[in-house]
$ cat model_10.txt   # compact mmCIF, C-alpha atoms
# COMPACT_ATOMS: atom_id res chain seq x y z
CA MET A 221 23.69 231.35 116.24
CA THR A 222 27.27 232.00 117.22
CA THR A 223 27.98 231.30 120.87
CA ALA A 224 30.52 233.29 122.86
CA SER A 225 31.50 233.40 126.50
CA ASN A 226 28.98 235.52 128.33
CA PRO A 227 30.28 239.00 129.32
CA THR A 228 27.35 239.38 131.75
CA GLN A 229 25.69 237.10 134.28
CA ILE A 230 22.21 237.38 132.75
CA ARG A 231 20.84 238.41 129.40
CA PRO A 232 20.98 242.20 129.53
CA LEU A 233 19.13 243.13 126.35
CA THR A 234 15.84 242.45 124.58
CA VAL A 235 15.28 243.46 120.97
CA VAL A 236 11.61 244.22 120.21
CA ILE A 237 10.69 243.67 116.56
CA PRO A 238 7.26 244.90 115.38
CA ALA A 239 6.42 243.17 112.10
CA TYR A 240 3.65 243.82 109.60
CA ASN A 241 3.67 242.32 106.09
CA VAL A 242 7.44 241.97 105.96
CA GLY A 243 7.51 238.32 104.91
CA GLY A 244 10.41 238.94 102.57
CA TYR A 245 12.52 240.57 105.27
CA ILE A 246 11.68 239.24 108.74
CA ALA A 247 13.98 236.20 108.57
CA GLU A 248 16.89 238.45 107.61
CA ALA A 249 16.07 240.82 110.49
CA LEU A 250 16.00 237.94 112.99
CA ASN A 251 19.15 236.38 111.61
CA SER A 252 20.95 239.71 111.88
CA VAL A 253 20.44 239.37 115.67
CA LEU A 254 21.07 235.64 115.91
CA SER A 255 24.33 235.85 113.96
CA GLN A 256 25.85 238.43 116.32
CA ARG A 257 28.93 237.44 118.33
CA TRP A 258 27.03 238.03 121.59
CA ALA A 259 23.71 236.65 120.30
CA ASP A 260 23.39 234.28 123.25
CA VAL A 261 22.82 237.17 125.68
CA ILE A 262 20.12 238.88 123.62
CA ASP A 263 16.40 238.10 123.95
CA ILE A 264 14.08 238.80 121.02
CA VAL A 265 10.36 239.63 121.09
CA VAL A 266 8.62 239.59 117.71
CA VAL A 267 5.13 241.09 117.54
CA ASP A 268 3.32 240.11 114.35
CA ASP A 269 0.79 242.91 113.94
CA GLY A 270 -1.91 241.05 112.03
CA SER A 271 0.14 240.45 108.89
CA SER A 272 -1.75 239.15 105.87
CA ASP A 273 1.34 237.74 104.15
CA SER A 274 3.93 235.14 105.20
CA THR A 275 5.45 237.22 108.02
CA TYR A 276 4.23 235.01 110.87
CA ALA A 277 5.20 231.77 109.09
CA GLU A 278 8.67 233.10 108.26
CA ALA A 279 9.24 234.22 111.86
CA LEU A 280 7.91 230.92 113.22
CA ALA A 281 10.33 229.00 111.00
CA VAL A 282 13.24 230.93 112.51
CA VAL A 283 11.91 230.28 116.02
CA GLU A 284 11.65 226.55 115.33
CA ARG A 285 15.17 226.43 113.92
CA ASN A 286 16.48 228.32 116.94
CA ARG A 287 14.98 225.72 119.34
CA GLY A 288 15.31 227.75 122.49
CA ASP A 289 13.61 230.33 124.67
CA GLN A 290 15.50 233.22 123.11
CA ILE A 291 12.71 234.31 120.74
CA ARG A 292 9.15 235.01 121.82
CA LEU A 293 6.65 235.32 119.00
CA ILE A 294 3.44 237.24 119.71
CA ARG A 295 0.55 237.45 117.25
CA GLN A 296 -2.16 240.10 117.47
CA PRO A 297 -4.80 241.72 115.24
CA ASN A 298 -3.54 244.68 113.25
CA ARG A 299 -3.30 247.71 115.55
CA GLY A 300 -0.37 249.62 114.11
CA VAL A 301 3.32 249.88 114.88
CA SER A 302 2.80 251.86 118.11
CA GLU A 303 0.65 249.18 119.69
CA ALA A 304 3.00 246.46 118.44
CA ARG A 305 5.91 248.21 120.15
CA ASN A 306 3.86 248.71 123.31
CA VAL A 307 2.99 245.00 123.43
CA GLY A 308 6.61 244.05 122.81
CA LEU A 309 7.86 246.46 125.45
CA ALA A 310 5.43 245.01 128.02
CA ALA A 311 7.02 241.60 127.42
CA VAL A 312 10.57 242.80 128.14
CA ARG A 313 12.17 241.37 131.29
CA THR A 314 15.74 242.61 130.77
CA PRO A 315 17.30 245.85 132.05
CA TYR A 316 17.87 247.14 128.50
CA VAL A 317 15.67 247.24 125.41
CA ALA A 318 16.18 248.07 121.74
CA PHE A 319 13.78 248.26 118.81
CA LEU A 320 14.33 246.85 115.32
CA ASP A 321 11.77 247.18 112.55
CA GLY A 322 10.92 243.95 110.77
CA ASP A 323 12.49 245.00 107.46
CA ASP A 324 15.72 246.40 108.94
CA ILE A 325 18.87 244.64 110.15
CA TYR A 326 21.67 245.01 112.68
CA MET A 327 25.13 245.32 111.24
CA PRO A 328 27.58 242.50 112.12
CA ASN A 329 29.42 244.64 114.70
CA PHE A 330 26.28 245.66 116.64
CA SER A 331 26.75 243.39 119.66
CA ASP A 332 30.53 243.90 119.80
CA ALA A 333 29.95 247.64 120.21
CA ILE A 334 26.90 247.47 122.49
CA VAL A 335 26.74 244.36 124.69
CA PRO A 336 30.01 244.88 126.66
CA MET A 337 28.80 248.41 127.51
CA LEU A 338 25.68 247.04 129.24
CA ALA A 339 27.42 244.88 131.85
CA ARG A 340 27.84 247.60 134.50
CA HIS A 341 24.44 249.23 133.90
CA GLU A 342 26.29 252.53 133.77
CA TRP A 343 24.63 254.05 130.71
CA ASP A 344 20.96 255.01 130.39
CA MET A 345 21.12 255.12 126.60
CA LEU A 346 23.50 254.12 123.84
CA GLU A 347 23.06 255.56 120.37
CA TYR A 348 24.75 254.95 117.06
CA ASN A 349 24.76 255.78 113.37
CA ILE A 350 22.59 254.38 110.58
CA ALA A 351 23.42 252.75 107.27
CA ILE A 352 20.69 253.19 104.66
CA ILE A 353 20.49 250.00 102.64
CA ASP A 354 18.54 248.71 99.64
CA ASP A 355 16.66 245.42 99.26
CA GLN A 356 19.91 243.55 98.64
CA GLY A 357 21.58 245.02 101.73
CA LYS A 358 23.82 247.33 99.72
CA MET A 359 24.64 250.58 101.50
CA LEU A 360 23.13 253.62 99.77
CA ASP A 361 23.79 256.36 102.29
CA GLU A 362 24.11 256.98 106.02
CA ILE A 363 22.51 259.06 108.75
CA GLU A 364 24.98 260.42 111.27
CA LEU A 365 23.59 260.77 114.78
CA VAL A 366 27.06 260.66 116.31
CA PRO A 367 29.85 262.69 114.70
CA PRO A 368 33.32 261.26 115.44
CA GLU A 369 34.12 264.12 117.79
CA ARG A 370 31.14 263.24 120.02
CA ALA A 371 31.95 259.54 120.41
CA GLY A 372 32.01 258.44 124.05
CA GLY A 373 29.99 259.08 127.20
CA HIS A 374 28.08 262.27 127.96
CA THR A 375 25.94 263.55 130.79
CA VAL A 376 22.50 264.52 129.53
CA ASP A 377 22.93 268.18 130.37
CA LYS A 378 21.61 271.21 128.51
CA ALA A 379 24.26 270.93 125.78
CA THR A 380 23.43 267.25 125.12
CA LEU A 381 19.69 267.94 125.13
CA MET A 382 20.06 270.81 122.68
CA HIS A 383 22.31 268.72 120.45
CA PHE A 384 19.54 266.10 120.27
CA ALA A 385 16.77 268.68 119.78
CA GLY A 386 18.73 270.56 117.14
CA ARG A 387 19.40 267.48 115.02
CA PHE A 388 16.12 265.78 116.01
CA HIS A 389 16.93 262.26 114.91
CA THR A 390 14.03 260.65 116.79
CA PHE A 391 14.26 257.13 115.33
CA VAL A 392 13.55 254.89 118.30
CA TRP A 393 15.42 252.01 116.64
CA THR A 394 18.82 253.68 116.59
CA ARG A 395 19.38 253.50 120.33
CA VAL A 396 19.52 251.02 123.21
CA TYR A 397 17.73 252.13 126.39
CA LYS A 398 17.34 251.24 130.01
CA THR A 399 13.88 249.74 129.98
CA ALA A 400 12.88 251.87 132.97
CA LEU A 401 13.07 255.03 130.82
CA PHE A 402 9.74 254.13 129.23
CA ASP A 403 6.28 254.60 130.67
CA PRO A 404 3.79 251.75 130.22
CA LYS A 405 2.43 251.94 126.66
CA PRO A 406 4.51 254.99 125.72
CA PHE A 407 3.86 254.93 121.97
CA PRO A 408 0.63 256.76 121.02
CA THR A 409 -1.64 254.23 119.35
CA GLY A 410 -2.77 255.13 115.86
CA ARG A 411 -0.47 258.13 115.52
CA HIS A 412 2.11 258.46 112.76
CA TYR A 413 5.56 259.90 113.59
CA GLU A 414 5.11 258.19 116.94
CA ASP A 415 8.87 258.23 117.60
CA ALA A 416 8.83 262.03 117.65
CA ALA A 417 6.10 261.92 120.32
CA VAL A 418 8.18 259.66 122.59
CA MET A 419 11.89 260.38 122.17
CA PRO A 420 12.05 263.97 123.55
CA SER A 421 10.62 262.82 126.90
CA VAL A 422 12.82 259.70 127.02
CA TYR A 423 15.88 261.86 126.41
CA LEU A 424 14.89 264.11 129.32
CA ARG A 425 14.61 261.13 131.66
CA ALA A 426 18.09 259.83 130.85
CA HIS A 427 20.99 260.90 133.05
CA ASN A 428 23.66 259.96 130.53
CA VAL A 429 24.21 258.60 127.03
CA TYR A 430 27.05 256.71 125.39
CA GLN A 431 27.48 257.59 121.73
CA VAL A 432 29.03 255.19 119.22
CA ALA A 433 30.30 256.75 115.98
CA ASP A 434 29.79 253.52 114.00
CA ARG A 435 26.96 252.40 111.72
CA LEU A 436 25.31 249.63 113.75
CA ILE A 437 21.89 249.36 112.10
CA GLY A 438 20.78 249.00 108.49
CA TYR A 439 17.64 250.98 107.65
CA ARG A 440 15.88 249.62 104.57
CA ARG A 441 14.95 252.19 101.96
CA ARG A 442 12.48 250.58 99.62
CA TYR A 443 12.20 251.62 95.99
CA GLY A 444 9.99 254.69 95.56
CA SER A 445 10.02 255.82 99.18
CA ILE A 446 11.59 259.21 98.37
CA THR A 447 8.64 260.25 96.18
CA GLN A 448 5.91 258.49 98.16
CA GLN A 449 2.73 260.47 98.69
CA ALA A 450 1.87 261.42 102.28
CA PRO A 451 -1.61 261.18 103.84
CA LEU A 452 -3.20 264.24 105.40
CA ARG A 453 -3.37 262.45 108.76
CA ASP A 454 0.44 262.69 108.98
CA VAL A 455 0.16 266.48 109.11
CA ARG A 456 -2.62 266.26 111.71
CA ASP A 457 -0.51 263.92 113.84
CA LEU A 458 2.44 266.32 113.69
CA LEU A 459 0.10 269.12 114.82
CA LEU A 460 -0.91 267.00 117.81
CA THR A 461 2.69 266.17 118.73
CA GLY A 462 3.69 269.81 118.25
CA ASP A 463 0.90 270.95 120.56
CA GLU A 464 2.14 268.48 123.20
CA ALA A 465 5.62 270.03 122.98
CA LEU A 466 4.25 273.56 123.31
CA ALA A 467 2.12 272.50 126.31
CA ARG A 468 5.34 271.61 128.16
CA CYS A 469 6.59 275.20 127.92
CA ASN A 470 6.02 276.76 131.35
CA GLY A 471 8.61 279.48 131.77
CA SER A 472 11.32 277.11 132.98
CA GLU A 473 14.81 276.57 131.60
CA ARG A 474 13.47 273.66 129.54
CA ASP A 475 11.40 275.97 127.33
CA GLU A 476 14.33 276.34 124.96
CA TYR A 477 14.40 272.56 124.53
CA TRP A 478 10.67 272.14 123.95
CA LEU A 479 10.45 275.11 121.59
CA THR A 480 13.31 273.67 119.55
CA VAL A 481 11.48 270.33 119.44
CA PHE A 482 8.38 272.15 118.20
CA TYR A 483 10.41 274.00 115.58
CA LYS A 484 11.64 270.68 114.17
CA LEU A 485 8.12 269.21 114.19
CA PHE A 486 6.80 272.30 112.42
CA HIS A 487 9.32 272.04 109.60
CA ARG A 488 8.63 268.32 109.30
CA ALA A 489 4.93 269.16 108.93
CA CYS A 490 5.83 271.64 106.18
CA HIS A 491 7.80 268.93 104.39
CA VAL A 492 4.97 266.39 104.70
CA SER A 493 2.36 268.96 103.58
CA ALA A 494 4.21 269.34 100.29
CA ARG A 495 3.63 265.62 99.63
CA VAL A 496 -0.12 265.21 100.16
CA ASP A 497 -2.48 264.73 97.22
CA GLY A 498 -4.00 267.71 95.46
CA SER A 499 -7.40 267.47 97.15
CA SER A 500 -5.75 267.60 100.61
CA PHE A 501 -3.15 270.31 100.03
CA ASP A 502 -5.25 273.28 101.17
CA ASP A 503 -6.20 271.39 104.35
CA ALA A 504 -2.56 270.52 104.97
CA LEU A 505 -1.50 274.13 104.55
CA SER A 506 -4.27 275.19 106.94
CA ILE A 507 -2.93 272.76 109.58
CA VAL A 508 0.59 274.16 109.18
CA LYS A 509 -0.79 277.68 109.65
CA GLN A 510 -2.56 276.42 112.78
CA MET A 511 0.77 275.15 114.13
CA ALA A 512 2.34 278.56 113.49
CA SER A 513 -0.52 280.26 115.31
CA HIS A 514 -0.17 277.93 118.31
CA HIS A 515 3.55 278.70 118.40
CA GLN A 516 2.92 282.44 118.49
CA GLY A 517 0.29 281.99 121.20
CA THR A 518 2.76 280.02 123.32
CA LEU A 519 5.42 282.73 123.01
CA ARG A 520 2.91 285.34 124.15
CA ARG A 521 1.93 283.40 127.27
CA LEU A 522 5.44 282.53 128.47
CA PRO A 523 6.43 284.52 131.57
CA ARG A 524 10.02 285.01 130.43
CA PRO A 525 11.92 284.99 127.13
CA ALA A 526 13.10 281.74 125.60
CA ASP A 527 15.67 282.72 123.02
CA ALA A 528 15.90 279.56 120.93
CA GLY A 529 12.16 279.26 120.41
CA ARG A 530 11.77 282.84 119.25
CA GLU A 531 13.41 282.19 115.91
CA PRO A 532 10.87 283.28 113.25
CA LEU A 533 9.13 280.45 111.46
CA GLY A 534 9.82 282.29 108.22
CA ARG A 535 7.86 282.41 104.96
CA PHE A 536 6.76 278.83 105.43
CA GLU A 537 3.84 278.91 102.98
CA TRP A 538 6.16 279.91 100.13
CA SER A 539 8.65 277.21 101.22
CA VAL A 540 5.94 274.53 101.24
CA ARG A 541 4.80 275.47 97.74
CA LEU A 542 8.38 275.45 96.45
CA ASP A 543 9.03 272.06 98.06
CA ARG A 544 5.83 270.76 96.50
CA GLY A 545 7.02 271.82 93.06
CA VAL A 546 10.31 269.96 93.53
CA TYR A 547 8.46 266.89 94.80
CA PHE A 548 6.20 266.72 91.73
CA ALA A 549 9.17 267.26 89.41
CA LYS A 550 10.88 264.23 90.99
CA ARG A 551 7.73 262.15 90.63
CA LEU A 552 7.45 263.09 86.97
CA ALA A 553 11.12 262.29 86.31
CA LYS A 554 10.72 258.94 88.03
CA LYS A 555 7.62 258.11 85.97
CA ILE A 556 9.43 258.97 82.73
CA LEU A 557 12.42 256.87 83.77
CA ARG A 558 10.21 253.91 84.59
CA ARG A 559 8.46 254.14 81.21
CA GLU A 560 11.82 254.29 79.44
CA LEU A 561 13.08 251.23 81.31
CA ASP A 562 9.89 249.36 80.45
CA ARG A 563 10.25 250.37 76.76
CA ARG A 564 13.86 249.15 76.65
CA GLN A 565 12.91 245.89 78.32
CA ARG A 566 10.13 245.26 75.80
CA ALA A 567 12.51 246.08 72.93
CA THR A 568 15.08 243.60 74.29
CA VAL A 569 12.47 240.86 74.57
CA LEU A 570 11.26 241.46 71.00
CA ALA A 571 14.83 241.44 69.67
CA LYS A 572 15.43 238.00 71.16
CA ARG A 573 12.40 236.43 69.48
$ encode --input "model_10.txt" --output "structure tokens"
Amino acid sequence: MTTASNPTQIRPLTVVIPAYNVGGYIAEALNSVLSQRWADVIDIVVVDDGSSDSTYAEALAVVERNRGDQIRLIRQPNRGVSEARNVGLAAVRTPYVAFLDGDDIYMPNFSDAIVPMLARHEWDMLEYNIAIIDDQGKMLDEIELVPPERAGGHTVDKATLMHFAGRFHTFVWTRVYKTALFDPKPFPTGRHYEDAAVMPSVYLRAHNVYQVADRLIGYRRRYGSITQQAPLRDVRDLLLTGDEALARCNGSERDEYWLTVFYKLFHRACHVSARVDGSSFDDALSIVKQMASHHQGTLRRLPRPADAGREPLGRFEWSVRLDRGVYFAKRLAKKILRRELDRRQRATVLAKR
């Protein structure tokens, strides 16, 4: 751990790390915090969510090497990432909190960009861009939450809310928050896409946000994730979250916001539906149609127009089927590539004998 003179009087920030079967990554995640310039003012809460691999042992080894009260390690039976985050959040005693998944890392400049901004407690949220990295930490791509022209502080007014809703980057781990923005146990236990169920309400509670146009977190893309099959429950969970957004439409000026949130959830459900197995596809398509029906029902009940939410959902069934065709083509290409690589490897081995 690198020690620096403290820019604040107390530790301002806790990083909550939910960890499940990330034995090959958790030490790197922890060290990415401990190696920061301002590491000495950051608390860490690790919640091992019933891992069956070496995750707990790897985290404990880092704790023992650290030899301080900076890292708290909590072990619980497997209950899912939402409950792990809820348990970690309940243990936070600092004014600010951030979330880091157990296989991701902070970039070396994270604390330089963030910690000095926390001293005056002026900002409710700070958000930043994402580097997509591979297993070796090599950057593959990026996700831009903050374009250069938006860098700096903003009031969370209608324009800021609609910018968030329109882009809908709901990753909870790409922001730092005032801890008070969260309800007790905010993450819905057992639900996938839990970030999308939480972030729209958190954004509404914030009075302001400071946006950093730098890549401060490394999101790990594991091999095969692009063509990974989706379970039907993901579509059901998006239906549930979409219904919660529609239920918040009440004829007020916030209808435009919540209808835009729904629109993004709907198109995410379409995307996920294209990736379920063959036996679940008809059910997935039925759930998407249900979402479209609930959207139309909401528009009919609203007492006044809400322009942004009245954008047609389009020929979504055709789009889902087209997306599904592209998805299976990618899976087939990947399978052929893997077989070819295996064939070449076997030929190389035989040639050396």
$ closest_residue --input "model_10.txt" --among "A:Arg520, A:Arg231, A:Arg387, A:Lys378" --to "A:Ile264" --atoms "all atoms listed in the file"
A:Arg231
$ residues_around --input "model_10.txt" --residues "A:Tyr397" --least-positions-apart "3" --cutoff "6 Å" --atoms "only C-alpha atoms" --output "list of chain:residue names"
A:Tyr316, A:Val317, A:Asp344, A:Met345
$ write_last_selection --input "model_10.txt" --atoms "C-alpha atoms" --output "PDB file, in the coordinates of the input"
ATOM      1  CA  TYR A 316      17.870 247.140 128.500  1.00  0.00           C
ATOM      2  CA  VAL A 317      15.670 247.240 125.410  1.00  0.00           C
ATOM      3  CA  ASP A 344      20.960 255.010 130.390  1.00  0.00           C
ATOM      4  CA  MET A 345      21.120 255.120 126.600  1.00  0.00           C
TER       5      MET A 345
END
$ closest_residue --input "model_10.txt" --among "A:Ser506, A:Thr275, A:Gln431, A:Asn349" --to "A:Glu248" --atoms "only C-alpha atoms"
A:Thr275
$ closest_residue --input "model_10.txt" --among "A:Gly270, A:Pro315, A:Pro367, A:Gly322" --to "A:Ala239" --atoms "all atoms listed in the file"
A:Gly322
$ atom_distance --input "model_10.txt" --atom1 "atom CA of A:Ile237" --atom2 "atom CA of A:Val301"
9.8 Å
$ closest_residue --input "model_10.txt" --among "A:Asn428, A:Ala553, A:Gln449, A:Leu250" --to "A:Arg285" --atoms "all atoms listed in the file"
A:Leu250
$ closest_residue --input "model_10.txt" --among "A:Tyr439, A:Glu537, A:Thr375, A:Gln448" --to "A:Asp355" --atoms "only C-alpha atoms"
A:Tyr439
$ residues_around --input "model_10.txt" --residues "A:Leu505" --least-positions-apart "4" --cutoff "8 Å" --atoms "all atoms listed in the file" --output "ChimeraX atom specification"
/A:490,493,501,509,537
$ closest_residue --input "model_10.txt" --among "A:Ser331, A:Ser513, A:Thr480, A:Ser255" --to "A:Leu459" --atoms "all atoms listed in the file"
A:Ser513
$ atom_distance --input "model_10.txt" --atom1 "atom CA of A:Arg295" --atom2 "atom CA of A:Ala281"
14.4 Å
$ atom_distance --input "model_10.txt" --atom1 "atom CA of A:Thr394" --atom2 "atom CA of A:Ile363"
10.2 Å
